[in-house]
Amino acid sequence: LGMLEERLGSHFVPVQLPIGTGETFTGLIDLIDMQAVTYEETSLGAKFHVDEIPEDLMERALEYREKLLESVAEFDDHLLEKFLEGGKIAPEEIIAALRKATVALKAVPVTCGSAFKHKGVQRLLDAVLRFLPAPSDVAAVTGHKPDSEEEAVREAKDDAPFSALAFKIMTDPFVGRLSFIRVYSGSLSAGSYIYNVSTGKRERVSRLLEMHANDRTELKEVHAGDIVAVVGLKDTTTGDTLCDEDSPVVLEKIEFAEPVVHVAIEPKTRADQESLQTALHKLAEEDPTFRVRVDSDTGQTVISGMGELHLEILCDRLFREFKVEATVGRPQVAYKEGLRDAVHGTGRFVRQSGGRGQFGHVELEIEPGEPGTGLVFENEIVGGSVPREYVNPARDGIAEAMLNGPVAGYPIEDAKVRLVDGSYHDVDSSEMAFKVAGSMGFKDGAQKSRPFLMEPIMALEVVVPEQYLGDVIGDLNSHRADVEGINPRTDAQVIGAKIPLAETFGYATRLRSLTQGRAVFHLQFAQFREVPKSVMEEIVASVRGTEEAKKA
C-alpha cells in the first residue's frame with residue numbers, strides 16, 4: 001500500500017486483507033462485512049466458505065477496519081459524526097460512502113486475490129459493481145463537431161443521438177471481423193446504418209454481440225453504457241467515432257504510445273510470404289501499438305511493438321491462428337559509406353569480341369560532398385573529348401557505383417564528381433560503354449579516397465527515477481552512447497544522449513530490468529556518424545562472411 005501511494009499518489013482504501021501470502025495464500029478477510037473467506041484449492045477459486053475471522057487474525061483485521069472507517073468517514077459528514085460518537089456503521093453505509101468517494105476520484109478501493117489460482121475473483125467483481133461508477137454517475141461525454149472546434153455534448157441517455165467509440169478490433173475465426181464499441185449515448189439496432197466520422201463513411205451493422213470470453217449472445221438492440229461487439233464494420237479501426245449521421249460528433253481519439261522495439265521478420269518458406277503479409281496486416285489492424293513496415297534501405301519487413309514479449313506473443317499468434325511460421329531476427333542497420341579525400345579516378349572500358357567493340361574512357365575528379373546533397377555532378381569537358389550524348393550515361397554509371405561502396409558494399413550518400421576529360425571511338429563508343437566507364441572511374445577514385453563507414457545515430461531521451469540514474473548512465477556508456485546532459489524533473493531525471501542505432505536493439509528490455517520497469521525512453525534519428533575502426537572491422541568481417549556463405 002505504501003508503494004502504491006508513493007508511486008501513484010492517490011488515496012488507497014483496502015477493503016480486504018489477504019490470509020497468507022504466496023504459496024500459503026488461502027483466502028481473504030472482508031473488512032466491510034468482517035468475514036473470512038477461504039477457497040477450496042481443488043476448485044480453482046470456484047468454491048469458497050464464509051466463516052468467522054480466526055482469532056490470530058482478528059487484531060490485524062480490527063486495525064484495518066478502523067482505518068477503513070476513518071477513510072470512509074472523511075467523505076460523509078453523517079458517518080463522521082457516527083464514527084466520532086462510536087456508533088455502529090452498517091456495511092451498506094460504508095459501501096455508499098466509498099462509492100461516492102470513488103466516483104469523485106477521491107479514493108481507490110483495494111481488493112486482493114490470486115490470478116493464478118482464481119481466488120478473489122467473485123469479490124473483485126462485486127467491488128466493481130459496488131464502487132465503480134455506472135454510465136449515469138459520470139458527467140456527459142464531450143466531443144466536438146466535425147470540421148470545427150464547437151463543443152458537442154452527449155448525455156448517457158437512450159433517447160439522445162447515438163454516439164460510440166470503437167476501442168478494439170478482433171478477427172474471430174467463426175464470425176469474422178469484430179469491432180468492439182462502447183456506446184456513450186442513444187441506442188443502436190442490428191441491421192441499421194451508422195456513420196463513421198473518422199472515415200466519412202456509412203457502415204451497416206449486421207449483428208450485435210454481447211461477448212463473454214469465448215461465448216457470445218446475439219442482441220437486437222444496445223443502449224447507452226453498453227459494451228458490445230459489432231459484425232459488419234469493414235472500414236472501422238481502433239479509436240474511430242461512430243454516430244448518428246444526422247447528429248455527427250467527434251469523440252476524443254485514443255492516443256497510443258509509439259513502438260519501442262523493432263525486429264526483422266521473414267517467412268520460413270517462400271510459399272508463406274503472402275500469408276505472412278496478410279496475417280501481419282490483420283494483427284496490425286487489431287493492435288494499434290503494433291506496426292509493420294518495409295525498410296527501404298535493407299528491403300526487410302520490420303515489425304515494431306511495445307516490447308520483446310509483445311512481439312514474441314504476436315509471433316506465437318502468427319503460428320497458432322494463421323498457421324504461418326516466421327523467423328524473427330535482429331534488423332539490419334542501414335549503414336552508409338563516406339569519402340575522406342579529394343582524388344582523381346580513371347574509368348577505361350575497352351572490349352573487343354569480333355565485329356563492333358565497346359570503348360569508353362572518362363577522367364573524374366572526386367571529392368566528399370556536403371551532407372544531404374547526394375550526387376553533385378558537373379560536366380567540365382572542353383573541346384568535345386567526350387561527346388555530349390555520353391555525358392548522362394557516364395553520370396548514371398557513377399550514380400549506380402555509389403549504391404555499392406568500397407568498404408562493405410553500403411551506399412555512398414554524398415559525393416561531388418567532376419567529369420574533366422576522356423576519350424571516345426567513332427565506331428566502338430556507346431552509351432552503355434560510357435555508363436560502365438563512369439562506374440569504373442568512380443570505383444577507382446573511391447578506393448583511393450580513404451573511404452569510411454557511417455552509422456545512424458539516434459537522439460535518446462530517458463526519463464528515469466533518481467535511484468536508478470547511475471545504473472542507466474553506466475549502461476549507456478558501455479554501449480557507445482554520448483551522454484549530453486541530465487535535467488532534473490520533479491520526480492525523475494531526464495537523460496539526453498546520442499547512441500548508435502545498432503546499440504539500441506534490446507534497449508527496452510535492458511532498461512526495464514535496470515529500473516524495475518519505471519523508466520521510459522524516446523528515440524528518434526539524429527544524424528550519420530563515422531563508425532570507430534574496431535567496430536568497422538567487425539561489420540566488414542560480418543558482411544563478407546555473409547556474402548561468402550551465400551556464394552557457398
# chains A, B, ... in the order shown; residues from 1 in each chain; ligands from 1
>>> residues_around(residues="region 139-154 of chain A", least_positions_apart="2", cutoff="7 Å", atoms="only C-alpha atoms", output="ChimeraX atom specification")
/A:137,156,185,248-252
>>> write_last_selection(atoms="N, CA and C atoms", output="CSV table (one decimal), in the first residue's frame")
chain,number,residue,atom,x,y,z
A,137,ASP,N,-23.6,7.9,-13.6
A,137,ASP,CA,-23.0,8.5,-12.5
A,137,ASP,C,-21.9,9.5,-12.9
A,156,ALA,N,-25.6,10.3,-21.3
A,156,ALA,CA,-25.8,8.8,-21.3
A,156,ALA,C,-27.3,8.5,-21.2
A,185,SER,N,-24.1,7.3,-25.9
A,185,SER,CA,-25.4,7.8,-25.8
A,185,SER,C,-26.3,7.2,-26.9
A,248,PRO,N,-23.7,14.4,-36.1
A,248,PRO,CA,-22.4,13.9,-36.0
A,248,PRO,C,-21.6,14.5,-34.9
A,249,VAL,N,-20.7,13.8,-34.3
A,249,VAL,CA,-19.8,14.2,-33.2
A,249,VAL,C,-18.5,13.5,-33.3
A,250,VAL,N,-17.4,14.2,-33.0
A,250,VAL,CA,-16.1,13.5,-32.9
A,250,VAL,C,-15.7,13.4,-31.5
A,251,LEU,N,-15.6,12.2,-31.0
A,251,LEU,CA,-15.2,12.0,-29.6
A,251,LEU,C,-13.6,12.0,-29.5
A,252,GLU,N,-13.1,12.1,-28.3
A,252,GLU,CA,-11.7,12.2,-28.1
A,252,GLU,C,-11.0,10.9,-28.6
>>> residues_around(residues="Glu312 (chain A)", least_positions_apart="2", cutoff="12 Å", atoms="only C-alpha atoms", output="PyMOL selection string")
chain A and resi 261-263+265+290+303-310+314-319+326-329
>>> write_last_selection(atoms="C-alpha atoms", output="mmCIF file, in the first residue's frame")
data_model
loop_
_atom_site.group_PDB
_atom_site.id
_atom_site.type_symbol
_atom_site.label_atom_id
_atom_site.label_comp_id
_atom_site.auth_asym_id
_atom_site.auth_seq_id
_atom_site.Cartn_x
_atom_site.Cartn_y
_atom_site.Cartn_z
ATOM 1 C CA VAL A 261 11.248 -2.415 -30.144
ATOM 2 C CA HIS A 262 11.844 -3.162 -33.832
ATOM 3 C CA VAL A 263 12.808 -6.568 -35.275
ATOM 4 C CA ILE A 265 10.694 -10.903 -39.730
ATOM 5 C CA PHE A 290 1.983 -2.986 -33.436
ATOM 6 C CA ILE A 303 7.735 -5.267 -37.123
ATOM 7 C CA SER A 304 7.583 -2.874 -34.169
ATOM 8 C CA GLY A 305 5.932 -3.234 -30.772
ATOM 9 C CA MET A 306 5.959 -2.169 -27.140
ATOM 10 C CA GLY A 307 8.495 -4.770 -26.012
ATOM 11 C CA GLU A 308 10.175 -8.035 -26.888
ATOM 12 C CA LEU A 309 7.489 -10.035 -25.030
ATOM 13 C CA HIS A 310 4.786 -8.187 -27.004
ATOM 14 C CA LEU A 314 2.340 -11.806 -31.754
ATOM 15 C CA CYS A 315 4.766 -14.208 -33.486
ATOM 16 C CA ASP A 316 3.225 -17.059 -31.494
ATOM 17 C CA ARG A 317 -0.225 -15.935 -32.696
ATOM 18 C CA LEU A 318 1.035 -15.964 -36.290
ATOM 19 C CA PHE A 319 1.676 -19.684 -35.897
ATOM 20 C CA ALA A 326 8.223 -16.989 -39.348
ATOM 21 C CA THR A 327 11.798 -16.304 -38.333
ATOM 22 C CA VAL A 328 12.458 -13.215 -36.242
ATOM 23 C CA GLY A 329 15.926 -11.692 -36.046
#
>>> select_by_dssp(residues="region 71-307 of chain A", states="helix (DSSP H, G or I)", output="number ranges by chain")
A: 71-74, 77-85, 91-103, 121-131, 135-137, 270-286
>>> atom_distance(atom1="CA of Ile398 (chain A)", atom2="CA of Glu378 (chain A)")
11.9 Å
>>> atom_distance(atom1="CA of Glu274 (chain A)", atom2="CA of Arg320 (chain A)")
17.0 Å
>>> atom_distance(atom1="CA of Val183 (chain A)", atom2="CA of Leu98 (chain A)")
26.5 Å
>>> residues_around(residues="region 334-341 of chain A", least_positions_apart="5", cutoff="8 Å", atoms="only C-alpha atoms", output="NGL selection string")
:A and (297-298 or 367-368 or 405 or 407 or 410-415 or 446 or 449-456 or 528)
>>> write_last_selection(atoms="C-alpha atoms", output="PDB file, in the first residue's frame")
ATOM      1  CA  ASP A 297      17.281   0.629 -47.337  1.00  0.00           C
ATOM      2  CA  THR A 298      17.528  -3.057 -46.418  1.00  0.00           C
ATOM      3  CA  GLU A 367      35.626  14.792 -53.531  1.00  0.00           C
ATOM      4  CA  PRO A 368      33.416  14.384 -50.439  1.00  0.00           C
ATOM      5  CA  GLY A 405      30.625   1.398 -51.639  1.00  0.00           C
ATOM      6  CA  VAL A 407      34.236  -0.622 -47.592  1.00  0.00           C
ATOM      7  CA  TYR A 410      26.839   0.022 -48.353  1.00  0.00           C
ATOM      8  CA  PRO A 411      25.741   3.086 -50.396  1.00  0.00           C
ATOM      9  CA  ILE A 412      27.824   6.255 -50.558  1.00  0.00           C
ATOM     10  CA  GLU A 413      25.447   9.053 -49.701  1.00  0.00           C
ATOM     11  CA  ASP A 414      27.184  12.301 -50.731  1.00  0.00           C
ATOM     12  CA  ALA A 415      29.868  12.947 -53.355  1.00  0.00           C
ATOM     13  CA  ALA A 446      36.511   5.826 -54.137  1.00  0.00           C
ATOM     14  CA  SER A 449      39.857   8.384 -51.121  1.00  0.00           C
ATOM     15  CA  ARG A 450      40.291   6.578 -47.775  1.00  0.00           C
ATOM     16  CA  PRO A 451      36.587   5.628 -47.560  1.00  0.00           C
ATOM     17  CA  PHE A 452      34.922   5.085 -44.186  1.00  0.00           C
ATOM     18  CA  LEU A 453      31.722   3.581 -42.793  1.00  0.00           C
ATOM     19  CA  MET A 454      28.967   5.707 -41.220  1.00  0.00           C
ATOM     20  CA  GLU A 455      26.205   4.527 -38.896  1.00  0.00           C
ATOM     21  CA  PRO A 456      22.845   6.064 -37.944  1.00  0.00           C
ATOM     22  CA  PHE A 528      25.049   9.716 -39.527  1.00  0.00           C
TER      23      PHE A 528
END
>>> residues_around(residues="Asn214 (chain A)", least_positions_apart="5", cutoff="12 Å", atoms="only C-alpha atoms", output="list in words")
Asp172, Pro173, Phe174, Val175 and Leu209 of chain A
>>> write_last_selection(atoms="N, CA and C atoms", output="short mmCIF file (atom, residue, chain, number, x, y, z; two decimals), in the first residue's frame")
data_model
loop_
_atom_site.label_atom_id
_atom_site.label_comp_id
_atom_site.auth_asym_id
_atom_site.auth_seq_id
_atom_site.Cartn_x
_atom_site.Cartn_y
_atom_site.Cartn_z
N ASP A 172 -12.33 -12.95 -35.51
CA ASP A 172 -12.89 -14.17 -34.93
C ASP A 172 -12.95 -15.24 -36.01
N PRO A 173 -12.45 -16.46 -35.75
CA PRO A 173 -12.44 -17.48 -36.80
C PRO A 173 -13.83 -17.88 -37.28
N PHE A 174 -14.87 -17.68 -36.44
CA PHE A 174 -16.22 -18.09 -36.82
C PHE A 174 -17.07 -16.94 -37.35
N VAL A 175 -16.89 -15.77 -36.77
CA VAL A 175 -17.76 -14.63 -37.12
C VAL A 175 -17.09 -13.68 -38.11
N LEU A 209 -23.28 -8.35 -30.82
CA LEU A 209 -22.98 -9.49 -29.96
C LEU A 209 -22.51 -9.03 -28.59
#
>>> closest_residue(among="A:Pro133, A:Gly87, A:Gly347, A:Pro288", to="Gly225 (chain A)", atoms="only C-alpha atoms")
A:Pro133
>>> closest_residue(among="A:Val520, A:Met536, A:Glu210, A:Gly86", to="Pro259 (chain A)", atoms="only C-alpha atoms")
A:Val520
>>> closest_residue(among="A:Arg216, A:Lys100, A:Lys117, A:Arg529", to="Phe131 (chain A)", atoms="only C-alpha atoms")
A:Lys100
>>> closest_atom_pairs(of="region 372-460 of chain A", to="region 351-362 of chain A", cutoff="8 Å", atoms="only C-alpha atoms", output="CSV")
residue,atom,partner,partner_atom,distance
A:Val386,CA,A:Val362,CA,7.8
A:Ala394,CA,A:Val362,CA,7.9
A:Leu419,CA,A:Val362,CA,7.1
A:Val420,CA,A:Val362,CA,7.8
A:Asp421,CA,A:Val362,CA,5.9
A:Gly422,CA,A:Val362,CA,4.1
A:Ser423,CA,A:His361,CA,5.2
A:Tyr424,CA,A:Gly360,CA,5.8
A:His425,CA,A:Phe359,CA,6.4
A:Val427,CA,A:Arg356,CA,7.3
A:Asp428,CA,A:Gln358,CA,4.9
A:Ser429,CA,A:Phe359,CA,4.7
A:Ser430,CA,A:Gln358,CA,7.0
A:Ala433,CA,A:Gly360,CA,5.0
A:Phe434,CA,A:Gly360,CA,4.7
A:Val436,CA,A:Gly360,CA,7.7
A:Ala437,CA,A:Gly360,CA,5.6
A:Gly438,CA,A:Val362,CA,6.4
A:Gly441,CA,A:Val362,CA,6.8
>>> write_last_selection(atoms="N, CA and C atoms", output="PDB file, in the first residue's frame")
ATOM      1  N   VAL A 386      34.674  14.098 -74.746  1.00  0.00           N
ATOM      2  CA  VAL A 386      33.559  13.168 -74.510  1.00  0.00           C
ATOM      3  C   VAL A 386      32.305  13.817 -75.091  1.00  0.00           C
ATOM      4  N   ALA A 394      27.462   8.442 -68.484  1.00  0.00           N
ATOM      5  CA  ALA A 394      28.582   8.389 -67.542  1.00  0.00           C
ATOM      6  C   ALA A 394      28.113   8.752 -66.132  1.00  0.00           C
ATOM      7  N   LEU A 419      33.444  15.647 -64.213  1.00  0.00           N
ATOM      8  CA  LEU A 419      33.946  14.948 -65.407  1.00  0.00           C
ATOM      9  C   LEU A 419      34.877  15.935 -66.125  1.00  0.00           C
ATOM     10  N   VAL A 420      36.198  15.649 -66.093  1.00  0.00           N
ATOM     11  CA  VAL A 420      37.161  16.640 -66.598  1.00  0.00           C
ATOM     12  C   VAL A 420      37.793  16.255 -67.941  1.00  0.00           C
ATOM     13  N   ASP A 421      37.788  14.970 -68.258  1.00  0.00           N
ATOM     14  CA  ASP A 421      38.413  14.570 -69.520  1.00  0.00           C
ATOM     15  C   ASP A 421      37.954  13.159 -69.875  1.00  0.00           C
ATOM     16  N   GLY A 422      38.388  12.697 -71.061  1.00  0.00           N
ATOM     17  CA  GLY A 422      38.047  11.362 -71.510  1.00  0.00           C
ATOM     18  C   GLY A 422      38.361  11.211 -72.978  1.00  0.00           C
ATOM     19  N   SER A 423      37.940  10.109 -73.542  1.00  0.00           N
ATOM     20  CA  SER A 423      38.129   9.918 -74.986  1.00  0.00           C
ATOM     21  C   SER A 423      37.064   8.958 -75.489  1.00  0.00           C
ATOM     22  N   TYR A 424      36.907   8.935 -76.815  1.00  0.00           N
ATOM     23  CA  TYR A 424      35.876   8.060 -77.383  1.00  0.00           C
ATOM     24  C   TYR A 424      36.360   7.522 -78.724  1.00  0.00           C
ATOM     25  N   HIS A 425      35.625   6.545 -79.246  1.00  0.00           N
ATOM     26  CA  HIS A 425      35.920   5.938 -80.547  1.00  0.00           C
ATOM     27  C   HIS A 425      34.699   6.132 -81.428  1.00  0.00           C
ATOM     28  N   VAL A 427      33.401   4.478 -83.761  1.00  0.00           N
ATOM     29  CA  VAL A 427      32.575   3.297 -84.058  1.00  0.00           C
ATOM     30  C   VAL A 427      32.216   2.528 -82.780  1.00  0.00           C
ATOM     31  N   ASP A 428      33.218   2.292 -81.921  1.00  0.00           N
ATOM     32  CA  ASP A 428      33.006   1.394 -80.776  1.00  0.00           C
ATOM     33  C   ASP A 428      32.336   2.047 -79.568  1.00  0.00           C
ATOM     34  N   SER A 429      32.361   3.371 -79.444  1.00  0.00           N
ATOM     35  CA  SER A 429      31.768   4.015 -78.266  1.00  0.00           C
ATOM     36  C   SER A 429      30.239   3.931 -78.297  1.00  0.00           C
ATOM     37  N   SER A 430      29.648   3.790 -77.103  1.00  0.00           N
ATOM     38  CA  SER A 430      28.180   3.720 -76.978  1.00  0.00           C
ATOM     39  C   SER A 430      27.792   4.242 -75.593  1.00  0.00           C
ATOM     40  N   ALA A 433      28.848   1.734 -72.957  1.00  0.00           N
ATOM     41  CA  ALA A 433      30.280   1.727 -72.672  1.00  0.00           C
ATOM     42  C   ALA A 433      30.653   2.862 -71.735  1.00  0.00           C
ATOM     43  N   PHE A 434      30.046   4.068 -71.929  1.00  0.00           N
ATOM     44  CA  PHE A 434      30.375   5.202 -71.061  1.00  0.00           C
ATOM     45  C   PHE A 434      29.723   5.058 -69.682  1.00  0.00           C
ATOM     46  N   VAL A 436      29.457   2.149 -68.121  1.00  0.00           N
ATOM     47  CA  VAL A 436      30.387   1.250 -67.421  1.00  0.00           C
ATOM     48  C   VAL A 436      31.671   2.001 -67.054  1.00  0.00           C
ATOM     49  N   ALA A 437      32.163   2.864 -67.984  1.00  0.00           N
ATOM     50  CA  ALA A 437      33.384   3.636 -67.716  1.00  0.00           C
ATOM     51  C   ALA A 437      33.171   4.580 -66.534  1.00  0.00           C
ATOM     52  N   GLY A 438      32.006   5.236 -66.470  1.00  0.00           N
ATOM     53  CA  GLY A 438      31.695   6.127 -65.343  1.00  0.00           C
ATOM     54  C   GLY A 438      31.718   5.374 -64.029  1.00  0.00           C
ATOM     55  N   GLY A 441      35.342   4.441 -63.163  1.00  0.00           N
ATOM     56  CA  GLY A 441      36.090   5.625 -62.735  1.00  0.00           C
ATOM     57  C   GLY A 441      35.771   6.006 -61.304  1.00  0.00           C
TER      58      GLY A 441
END
>>> closest_residue(among="A:Gly120, A:Gly2, A:Gly383, A:Pro465", to="Val37 (chain A)", atoms="only C-alpha atoms")
A:Gly120
>>> select_by_dssp(residues="region 103-150 of chain A", states="strand (DSSP E)", output="list in words")
Val108, Pro109, Val110, Val141, Thr142, Gly143 and His144 of chain A
>>> closest_residue(among="A:Val230, A:Ala134, A:Ile29, A:Val540", to="Met170 (chain A)", atoms="only C-alpha atoms")
A:Val230
